>>> print(open('model.txt').read())   # compact mmCIF, N, CA and C atoms
# COMPACT_ATOMS: atom_id res chain seq x y z
N MET G 4 60.65 24.15 -85.17
CA MET G 4 60.29 23.89 -86.54
C MET G 4 58.80 23.62 -86.60
N THR G 5 58.19 24.14 -87.63
CA THR G 5 56.79 23.84 -87.90
C THR G 5 56.56 23.97 -89.40
N GLY G 6 55.46 23.49 -89.88
CA GLY G 6 55.18 23.59 -91.30
C GLY G 6 53.81 23.04 -91.63
N GLY G 7 53.49 23.07 -92.90
CA GLY G 7 52.21 22.55 -93.34
C GLY G 7 52.13 22.47 -94.86
N PHE G 8 51.08 21.84 -95.33
CA PHE G 8 50.84 21.65 -96.76
C PHE G 8 49.63 22.47 -97.19
N SER G 9 49.64 22.93 -98.42
CA SER G 9 48.48 23.61 -98.98
C SER G 9 47.57 22.57 -99.63
N ILE G 10 46.30 22.69 -99.41
CA ILE G 10 45.32 21.79 -100.01
C ILE G 10 45.04 22.20 -101.46
N GLU G 11 44.99 23.51 -101.71
CA GLU G 11 44.69 24.01 -103.04
C GLU G 11 45.96 24.09 -103.88
N PRO G 12 45.87 23.81 -105.18
CA PRO G 12 47.03 23.93 -106.07
C PRO G 12 47.57 25.36 -106.07
N GLN G 13 48.88 25.49 -106.22
CA GLN G 13 49.54 26.79 -106.17
C GLN G 13 50.32 27.03 -107.46
N GLU G 14 50.46 28.31 -107.84
CA GLU G 14 51.28 28.69 -108.99
C GLU G 14 52.65 29.14 -108.50
N HIS G 15 53.68 28.88 -109.29
CA HIS G 15 55.03 29.35 -109.00
C HIS G 15 55.68 29.66 -110.33
N ALA G 16 56.44 30.75 -110.38
CA ALA G 16 57.04 31.19 -111.64
C ALA G 16 57.84 30.09 -112.33
N SER G 17 58.54 29.26 -111.56
CA SER G 17 59.39 28.23 -112.17
C SER G 17 58.59 27.09 -112.79
N LEU G 18 57.31 26.99 -112.48
CA LEU G 18 56.49 25.92 -113.06
C LEU G 18 56.01 26.27 -114.46
N GLY G 19 55.93 27.55 -114.77
CA GLY G 19 55.44 27.99 -116.07
C GLY G 19 54.06 28.60 -115.96
N GLU G 20 53.71 29.36 -116.95
CA GLU G 20 52.43 30.06 -116.98
C GLU G 20 51.26 29.08 -116.92
N GLY G 21 50.36 29.27 -115.95
CA GLY G 21 49.16 28.46 -115.84
C GLY G 21 49.36 27.09 -115.24
N VAL G 22 50.59 26.71 -114.90
CA VAL G 22 50.85 25.40 -114.31
C VAL G 22 50.73 25.50 -112.80
N LYS G 23 50.02 24.56 -112.21
CA LYS G 23 49.84 24.58 -110.76
C LYS G 23 50.52 23.36 -110.15
N GLY G 24 50.99 23.54 -108.93
CA GLY G 24 51.67 22.46 -108.24
C GLY G 24 51.23 22.39 -106.79
N LYS G 25 51.91 21.56 -106.03
CA LYS G 25 51.62 21.39 -104.61
C LYS G 25 52.58 22.25 -103.81
N MET G 26 52.19 22.64 -102.61
CA MET G 26 53.02 23.51 -101.80
C MET G 26 53.16 22.97 -100.38
N VAL G 27 54.35 23.13 -99.86
CA VAL G 27 54.61 22.88 -98.45
C VAL G 27 55.39 24.08 -97.92
N ALA G 28 55.08 24.49 -96.72
CA ALA G 28 55.80 25.59 -96.08
C ALA G 28 56.44 25.05 -94.81
N ALA G 29 57.69 25.38 -94.61
CA ALA G 29 58.41 24.94 -93.41
C ALA G 29 59.07 26.15 -92.76
N PHE G 30 59.05 26.18 -91.46
CA PHE G 30 59.63 27.29 -90.70
C PHE G 30 60.56 26.73 -89.65
N PHE G 31 61.79 27.21 -89.65
CA PHE G 31 62.80 26.76 -88.70
C PHE G 31 63.20 27.94 -87.83
N GLY G 32 63.40 27.71 -86.56
CA GLY G 32 63.82 28.77 -85.65
C GLY G 32 65.16 28.47 -85.03
N TRP G 33 65.97 29.49 -84.89
CA TRP G 33 67.30 29.36 -84.29
C TRP G 33 67.43 30.42 -83.21
N PRO G 34 68.14 30.11 -82.15
CA PRO G 34 68.29 31.11 -81.08
C PRO G 34 69.15 32.30 -81.51
N ASN G 35 70.02 32.08 -82.52
CA ASN G 35 70.87 33.17 -83.02
C ASN G 35 71.45 32.76 -84.38
N LEU G 36 72.05 33.72 -85.07
CA LEU G 36 72.61 33.46 -86.39
C LEU G 36 73.74 32.46 -86.33
N GLU G 37 74.53 32.49 -85.29
CA GLU G 37 75.66 31.56 -85.16
C GLU G 37 75.19 30.10 -85.13
N ALA G 38 74.08 29.84 -84.45
CA ALA G 38 73.53 28.48 -84.40
C ALA G 38 73.08 28.03 -85.78
N HIS G 39 72.48 28.92 -86.53
CA HIS G 39 72.04 28.60 -87.88
C HIS G 39 73.23 28.28 -88.78
N VAL G 40 74.25 29.12 -88.74
CA VAL G 40 75.45 28.91 -89.56
C VAL G 40 76.14 27.60 -89.19
N ALA G 41 76.22 27.29 -87.91
CA ALA G 41 76.84 26.02 -87.47
C ALA G 41 76.08 24.83 -88.04
N TRP G 42 74.76 24.89 -88.05
CA TRP G 42 73.98 23.78 -88.61
C TRP G 42 74.20 23.68 -90.11
N ARG G 43 74.26 24.80 -90.82
CA ARG G 43 74.48 24.79 -92.27
C ARG G 43 75.81 24.14 -92.63
N GLN G 44 76.78 24.24 -91.75
CA GLN G 44 78.11 23.69 -92.00
C GLN G 44 78.26 22.26 -91.52
N SER G 45 77.21 21.69 -90.94
CA SER G 45 77.28 20.34 -90.40
C SER G 45 76.94 19.29 -91.45
N GLU G 46 77.34 18.06 -91.18
CA GLU G 46 77.01 16.93 -92.06
C GLU G 46 75.51 16.67 -92.06
N GLU G 47 74.85 16.92 -90.95
CA GLU G 47 73.41 16.69 -90.82
C GLU G 47 72.60 17.58 -91.77
N PHE G 48 73.13 18.76 -92.06
CA PHE G 48 72.42 19.69 -92.95
C PHE G 48 72.16 19.04 -94.30
N GLY G 49 73.20 18.49 -94.90
CA GLY G 49 73.04 17.84 -96.20
C GLY G 49 72.07 16.68 -96.17
N LYS G 50 72.10 15.91 -95.10
CA LYS G 50 71.19 14.77 -94.98
C LYS G 50 69.74 15.24 -94.84
N ALA G 51 69.53 16.35 -94.16
CA ALA G 51 68.17 16.84 -93.92
C ALA G 51 67.61 17.59 -95.12
N VAL G 52 68.45 18.31 -95.84
CA VAL G 52 67.98 19.17 -96.92
C VAL G 52 67.85 18.43 -98.25
N ALA G 53 68.72 17.48 -98.51
CA ALA G 53 68.70 16.78 -99.80
C ALA G 53 67.33 16.19 -100.16
N PRO G 54 66.66 15.49 -99.27
CA PRO G 54 65.35 14.93 -99.66
C PRO G 54 64.31 16.00 -99.98
N VAL G 55 64.44 17.18 -99.40
CA VAL G 55 63.50 18.27 -99.67
C VAL G 55 63.79 18.89 -101.02
N VAL G 56 65.05 19.12 -101.33
CA VAL G 56 65.45 19.78 -102.57
C VAL G 56 65.31 18.85 -103.78
N ASP G 57 65.69 17.60 -103.63
CA ASP G 57 65.60 16.64 -104.73
C ASP G 57 64.15 16.49 -105.17
N GLY G 58 63.90 16.74 -106.41
CA GLY G 58 62.55 16.59 -106.95
C GLY G 58 61.70 17.84 -106.85
N SER G 59 62.18 18.86 -106.16
CA SER G 59 61.42 20.11 -106.07
C SER G 59 61.62 20.91 -107.35
N THR G 60 60.54 21.44 -107.88
CA THR G 60 60.62 22.21 -109.11
C THR G 60 60.83 23.68 -108.83
N GLY G 61 60.12 24.23 -107.88
CA GLY G 61 60.24 25.65 -107.55
C GLY G 61 60.36 25.82 -106.06
N MET G 62 61.16 26.78 -105.66
CA MET G 62 61.34 26.97 -104.24
C MET G 62 61.74 28.41 -103.98
N ASP G 63 61.19 28.98 -102.93
CA ASP G 63 61.59 30.30 -102.46
C ASP G 63 62.06 30.13 -101.02
N VAL G 64 63.12 30.82 -100.67
CA VAL G 64 63.65 30.79 -99.32
C VAL G 64 63.76 32.22 -98.83
N ALA G 65 63.33 32.45 -97.61
CA ALA G 65 63.44 33.79 -97.02
C ALA G 65 63.94 33.66 -95.60
N HIS G 66 64.75 34.59 -95.21
CA HIS G 66 65.24 34.65 -93.82
C HIS G 66 64.57 35.85 -93.16
N VAL G 67 63.98 35.60 -92.01
CA VAL G 67 63.25 36.65 -91.30
C VAL G 67 63.68 36.64 -89.85
N GLU G 68 63.98 37.81 -89.32
CA GLU G 68 64.32 37.91 -87.90
C GLU G 68 63.06 38.27 -87.13
N PHE G 69 62.69 37.42 -86.20
CA PHE G 69 61.54 37.71 -85.36
C PHE G 69 62.02 38.30 -84.05
N VAL G 70 61.33 39.28 -83.58
CA VAL G 70 61.67 39.89 -82.31
C VAL G 70 60.43 39.85 -81.41
N LYS G 71 60.69 39.76 -80.14
CA LYS G 71 59.60 39.70 -79.17
C LYS G 71 58.89 41.06 -79.10
N ALA G 72 57.58 41.03 -79.29
CA ALA G 72 56.81 42.27 -79.18
C ALA G 72 56.64 42.60 -77.71
N GLY G 73 56.72 43.81 -77.41
CA GLY G 73 56.62 44.07 -76.00
C GLY G 73 56.11 45.36 -75.67
>>> encode(input="model.txt", output="structure tokens")
Amino acid sequence: MTGGFSIEPQEHASLGEGVKGKMVAAFFGWPNLEAHVAWRQSEEFGKAVAPVVDGSTGMDVAHVEFVKAG
């Protein structure tokens, strides 16, 4: 897991036209899809995600498969 905050204000469609907000980006890595699904179904998932989602106005989520370049 890694992440960071944006220093400059950011626009997001859910905030409205011309409204700027703060941004944080978080990246989570899993060894395989099964490990990710198991975590999503665990009690810990709700405890970890609730503080992030509560109070958030706009959010985008993307799933990306990374492969080793070789």
>>> residues_around(input="model.txt", residues="Ser9 in chain G", least_positions_apart="5", cutoff="9 Å", atoms="only C-alpha atoms", output="PyMOL selection string")
chain G and resi 25-28
>>> atom_distance(input="model.txt", atom1="atom C of Glu14 in chain G", atom2="atom C of Gly61 in chain G")
8.7 Å
>>> atom_distance(input="model.txt", atom1="CA of Arg43 in chain G", atom2="CA of Thr5 in chain G")
18.2 Å
>>> closest_residue(input="model.txt", among="G:Phe48, G:Lys71, G:Ala41, G:Thr60", to="Lys23 in chain G", atoms="only C-alpha atoms")
G:Thr60
>>> atom_distance(input="model.txt", atom1="CA of Trp33 in chain G", atom2="CA of Ser59 in chain G")
24.4 Å
>>> select_by_dssp(input="model.txt", residues="chain G", states="alpha helix (DSSP H)", output="ChimeraX atom specification")
/G:36-43,46-56
>>> closest_residue(input="model.txt", among="G:Ala65, G:Met4, G:Ala72, G:Val56", to="Phe30 in chain G", atoms="all atoms listed in the file")
G:Met4
>>> axis_aligned_box(input="model.txt", around="range 20-38 of chain G", padding_each_side="3 Å", output="JSON")
{"center_x": 62.4, "center_y": 27.6, "center_z": -99.0, "size_x": 32.5, "size_y": 18.3, "size_z": 41.9}
>>> residues_around(input="model.txt", residues="Asn35 in chain G", least_positions_apart="3", cutoff="12 Å", atoms="only C-alpha atoms", output="VMD selection string")
chain G and resid 31 to 32 38 to 42 67 to 70
>>> decode(input="model.txt", residues="chain G", atoms="C-alpha atoms", output="PDB file, in the first residue's frame")
ATOM      1  CA  MET G   4       0.000   0.000   0.000  1.00  0.00           C
ATOM      2  CA  THR G   5       1.133   3.502  -0.751  1.00  0.00           C
ATOM      3  CA  GLY G   6      -0.505   6.863  -1.241  1.00  0.00           C
ATOM      4  CA  GLY G   7      -0.220  10.597  -1.030  1.00  0.00           C
ATOM      5  CA  PHE G   8      -2.023  13.929  -0.854  1.00  0.00           C
ATOM      6  CA  SER G   9      -2.286  16.648  -3.472  1.00  0.00           C
ATOM      7  CA  ILE G  10      -1.097  20.079  -2.395  1.00  0.00           C
ATOM      8  CA  GLU G  11      -3.074  21.913  -5.080  1.00  0.00           C
ATOM      9  CA  PRO G  12      -6.897  22.016  -4.996  1.00  0.00           C
ATOM     10  CA  GLN G  13      -8.573  19.539  -7.356  1.00  0.00           C
ATOM     11  CA  GLU G  14     -11.868  19.530  -9.274  1.00  0.00           C
ATOM     12  CA  HIS G  15     -14.235  16.538  -9.259  1.00  0.00           C
ATOM     13  CA  ALA G  16     -17.562  16.226 -11.057  1.00  0.00           C
ATOM     14  CA  SER G  17     -19.424  15.421  -7.826  1.00  0.00           C
ATOM     15  CA  LEU G  18     -18.291  18.677  -6.203  1.00  0.00           C
ATOM     16  CA  GLY G  19     -19.990  20.863  -8.811  1.00  0.00           C
ATOM     17  CA  GLU G  20     -18.820  23.243 -11.482  1.00  0.00           C
ATOM     18  CA  GLY G  21     -15.873  25.382 -10.351  1.00  0.00           C
ATOM     19  CA  VAL G  22     -15.728  23.838  -6.859  1.00  0.00           C
ATOM     20  CA  LYS G  23     -12.319  22.615  -5.759  1.00  0.00           C
ATOM     21  CA  GLY G  24     -11.491  20.147  -3.029  1.00  0.00           C
ATOM     22  CA  LYS G  25      -8.626  18.205  -1.509  1.00  0.00           C
ATOM     23  CA  MET G  26      -7.326  14.950  -2.957  1.00  0.00           C
ATOM     24  CA  VAL G  27      -5.705  11.828  -1.609  1.00  0.00           C
ATOM     25  CA  ALA G  28      -4.631   8.875  -3.728  1.00  0.00           C
ATOM     26  CA  ALA G  29      -4.178   5.405  -2.277  1.00  0.00           C
ATOM     27  CA  PHE G  30      -2.848   2.301  -3.988  1.00  0.00           C
ATOM     28  CA  PHE G  31      -3.278  -1.219  -2.642  1.00  0.00           C
ATOM     29  CA  GLY G  32      -1.551  -4.298  -4.017  1.00  0.00           C
ATOM     30  CA  TRP G  33      -2.676  -7.906  -3.791  1.00  0.00           C
ATOM     31  CA  PRO G  34      -0.807 -11.019  -4.892  1.00  0.00           C
ATOM     32  CA  ASN G  35      -3.954 -12.239  -6.702  1.00  0.00           C
ATOM     33  CA  LEU G  36      -7.664 -11.560  -7.139  1.00  0.00           C
ATOM     34  CA  GLU G  37      -8.610 -14.206  -4.579  1.00  0.00           C
ATOM     35  CA  ALA G  38      -6.662 -12.377  -1.844  1.00  0.00           C
ATOM     36  CA  HIS G  39      -8.439  -9.132  -2.696  1.00  0.00           C
ATOM     37  CA  VAL G  40     -11.889 -10.768  -2.621  1.00  0.00           C
ATOM     38  CA  ALA G  41     -11.113 -12.458   0.717  1.00  0.00           C
ATOM     39  CA  TRP G  42     -10.194  -9.099   2.246  1.00  0.00           C
ATOM     40  CA  ARG G  43     -13.367  -7.461   0.862  1.00  0.00           C
ATOM     41  CA  GLN G  44     -15.428 -10.134   2.606  1.00  0.00           C
ATOM     42  CA  SER G  45     -13.641  -9.741   5.950  1.00  0.00           C
ATOM     43  CA  GLU G  46     -14.743  -7.764   8.998  1.00  0.00           C
ATOM     44  CA  GLU G  47     -11.519  -5.734   8.769  1.00  0.00           C
ATOM     45  CA  PHE G  48     -12.571  -4.352   5.384  1.00  0.00           C
ATOM     46  CA  GLY G  49     -15.483  -2.416   6.855  1.00  0.00           C
ATOM     47  CA  LYS G  50     -13.345  -1.080   9.684  1.00  0.00           C
ATOM     48  CA  ALA G  51     -10.648   0.101   7.277  1.00  0.00           C
ATOM     49  CA  VAL G  52     -12.876   1.569   4.575  1.00  0.00           C
ATOM     50  CA  ALA G  53     -15.560   3.316   6.642  1.00  0.00           C
ATOM     51  CA  PRO G  54     -13.334   6.179   7.871  1.00  0.00           C
ATOM     52  CA  VAL G  55     -12.204   6.853   4.294  1.00  0.00           C
ATOM     53  CA  VAL G  56     -15.696   6.818   2.766  1.00  0.00           C
ATOM     54  CA  ASP G  57     -17.458   8.719   5.568  1.00  0.00           C
ATOM     55  CA  GLY G  58     -17.273  12.403   4.787  1.00  0.00           C
ATOM     56  CA  SER G  59     -15.902  11.946   1.271  1.00  0.00           C
ATOM     57  CA  THR G  60     -17.774  13.947  -1.328  1.00  0.00           C
ATOM     58  CA  GLY G  61     -16.352  12.519  -4.538  1.00  0.00           C
ATOM     59  CA  MET G  62     -14.469   9.361  -5.188  1.00  0.00           C
ATOM     60  CA  ASP G  63     -13.256   7.342  -8.148  1.00  0.00           C
ATOM     61  CA  VAL G  64     -12.106   3.745  -7.846  1.00  0.00           C
ATOM     62  CA  ALA G  65     -10.201   1.838 -10.496  1.00  0.00           C
ATOM     63  CA  HIS G  66      -8.841  -1.681 -10.590  1.00  0.00           C
ATOM     64  CA  VAL G  67      -5.647  -2.154 -12.554  1.00  0.00           C
ATOM     65  CA  GLU G  68      -3.678  -5.330 -13.136  1.00  0.00           C
ATOM     66  CA  PHE G  69       0.055  -4.730 -13.089  1.00  0.00           C
ATOM     67  CA  VAL G  70       2.333  -7.184 -14.786  1.00  0.00           C
ATOM     68  CA  LYS G  71       6.078  -7.490 -14.541  1.00  0.00           C
ATOM     69  CA  ALA G  72       7.795  -5.940 -17.546  1.00  0.00           C
ATOM     70  CA  GLY G  73      10.389  -8.141 -18.904  1.00  0.00           C
TER      71      GLY G  73
END
